[in-house]
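Below is one structure, written out as structure tokens; comments come after it.
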Amino acid sequence: MADPPPPGHDFHEQRTEWQEFKDKALDFWARFGTPITIVVVLLSLSLLGYQVYNAHKQSTQGQAANDLTDAGNIAPALVNAAEQHADTPPGYTAALRAGDLLLQQFTRGETVGATTPDQALTDAQAQYQRLVTDDAPPLWLANAYEGLAVVAECRSDWAAAKAAWAKAAEVADAAQLPVIAARANDRLGRIDTYANPTPFPAETDPTLTPMMDPELEALLNPAPQSDPAADPAAQSEAQFQPEAPATQPAGESE
């Protein structure tokens, strides 16, 4: 059996190992300490920046939602909210609502303030066009194309209307929005009929007497027969007619 190690042997070895580990750690830090510090600082700053951005974004969206609520159904206020909060869901919604209200103003022929119906139609197109960007979510984008299609129909610009309905159907199909897709495809199927309506004959002037074949008119409207009993003139004429002889004239008897 081997002799036991002298007292303090284990402690000495552990101290030596710890000293060796510490020396290696200090050497490693001397070599790579500065780059590691830079990386750690950058990661910390990035995390802090993300948290600040997230807080700012939530605050901005909250303010946008409040502005949208305050705007209500007033087109100028909605236009202002859409401009202030562009490229955000509340901003997209404000633009769509503003376009719809302006389009309704045109169809009703109303002048609101200084905005005439024709100007309202132009402003509605501008609000819908605001959403036609690569960043707009499909739901808002499809609705915007629908609005542009209706504006074009109001101007009888059937080519532009057809193109806008086709884009609405394309976006809706790709985003699996079946209601909008069905509506757009239905309109596409009927737009040629609106562009080329069936002509109807001109209405007849009620003051003019229609021409009719004389024989047909005589058949449809026969001349009334005079009734001697009801007609005094015909009755007087009948009184002066000579009566037929009661007997045959002379020379004519057998």
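In the structure tokens, the first chain shown is A, the next is B, and so on; residue numbers restart at 1 for each chain, and ligands run from 1 in the order shown.
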Exercise for the section: Find the residues around A:Val150 up to 9 Å (only C-alpha atoms counted), leave out those fewer than 2 positions away in its own chain, and share them as a PyMOL selection string. Expected result: chain A and resi 103+145-148+152-155+161+164-165
Exercise for the section: Would you please work out which residue, of A:Tyr128, A:Tyr92, A:Trp18, A:Tyr194, is nearest to A:Asp157 when using only C-alpha atoms? Expected result: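 Checking each of A:Tyr128, A:Tyr92, A:Trp18, A:Tyr194 against A:Asp157, counting only C-alpha atoms, the winner is A:Tyr194.
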Problem - Å distance separating atom CA of A:Pro178 from atom CA of A:Thr193, one decimal place - result: 23.9 Å
Exercise for the section: Measure the distance from atom CA of A:Asn185 to atom CA of A:Val171 in Å and round it to one decimal. Expected result: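 So the answer is 11.7 Å.
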Practice task
In Å, rounded to a single decimal, give me how far atom CA of A:Ala75 is from atom CA of A:Leu101.
Solution key: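 Spanning atom CA of A:Leu101 to atom CA of A:Ala75 is a straight-line distance of 6.2 Å.
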Practice task
Could you find all residues in stretch 95-165 of chain A that DSSP calls alpha helix (DSSP H) from the backbone, and write them as a PyMOL selection string?
Solution key: chain A and resi 95-108+117-130+138-154+158-165
Practice task
Could you check which of A:Gln127, A:Gln176, A:Ala166, A:Lys24 is closest to A:Ala86, using only C-alpha atoms?
Solution key: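 Of all the options, A:Gln127 lies closest to A:Ala86.
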Problem - Within 9 Å of A:Ala98 using only C-alpha atoms, minus same-chain residues under 4 positions, as a list in words - result: Asn73, Ile74, Ala75, Pro76, Ala77, Leu78, Val79, Ala82, Thr93, Ala94, Leu102, Leu103, Asp123, Ala124, Gln127 and Tyr128 of chain A
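Comparing the minimum interatomic distances between A:Ala169 and each of A:Ala144, A:Pro137, A:Gln129, A:Ser156, counting only C-alpha atoms, we find that A:Ala144 sits nearest.
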Exercise for the section: Give me the residues within 9 Å of stretch 134-136 of chain A as a list of chain:residue names, counting only C-alpha atoms and dropping any in the same chain fewer than 5 places off. Expected result: A:Asp87, A:Thr88, A:Pro89, A:Tyr92, A:Leu141
